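Trainee: Here it is: the structure, laid out below.
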Amino acid sequence: MGKRKERKLLAERQNQARADLAEIERGLRGAWAAFDDAEDASLAEAAILEIGALRQRYGRSLRALKALYQ
């Protein structure tokens, strides 16, 4: 594969990784809003679990994005 193609592929991967992070951030905002609006303990607990899962996904996605720049 030529260098130009490699750079293009890397740029596409970086863009996709940034898009993934943005999607997770939107999910986190939604989960926090659900937590703030929860009127029931079980709904609050579900929101807390979702926030935790999204934070884990965010961390993995961020590490993957950083690896693309090294």
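In the structure tokens, chains take the letters A, B, ... in the order shown, each chain's residues start at 1, and ligands count up from 1 in the order shown.
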Give me, as an MDAnalysis selection string, all polymer residues having an atom no more than 12 Å from Ala53 (chain A), counting only C-alpha atoms and skipping those fewer than 4 positions away in the same chain.
Mentor: chainID A and resid 24 27:28 31 46:49 57:60
Trainee: Taking 2 positions as the minimum chain separation for residues in the same chain, which residues sit within 10 Å of region 8-16 of chain A when counting only C-alpha atoms? Answer as a PyMOL selection string.
Mentor: chain A and resi 3-6+18-22+64-69
Trainee: With distances taken over only C-alpha atoms, which of A:Glu50, A:Arg7, A:Leu62, A:Gln70 is nearest to Arg29 (chain A)?
Mentor: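 That would be A:Glu50, the residue with the smallest distance to Arg29 (chain A).
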Trainee: Ranking A:Glu25, A:Glu39, A:Ala17, A:Glu45 by minimum distance to Arg63 (chain A) and counting only C-alpha atoms, which one comes first?
Mentor: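 Answer, going by the shortest atom-to-atom distance: A:Ala17.
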Trainee: If you measure from CA of Asp36 (chain A) to CA of Ile51 (chain A), what distance in Å do you get, rounded to one decimal?
Mentor: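 Here the two named atoms are 12.0 Å from each other.
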Trainee: Could you please determine the separation between CA of Gly52 (chain A) and CA of Trp32 (chain A) in Å, to one decimal place?
Mentor: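 Between CA of Gly52 (chain A) and CA of Trp32 (chain A) the gap works out to 10.7 Å.
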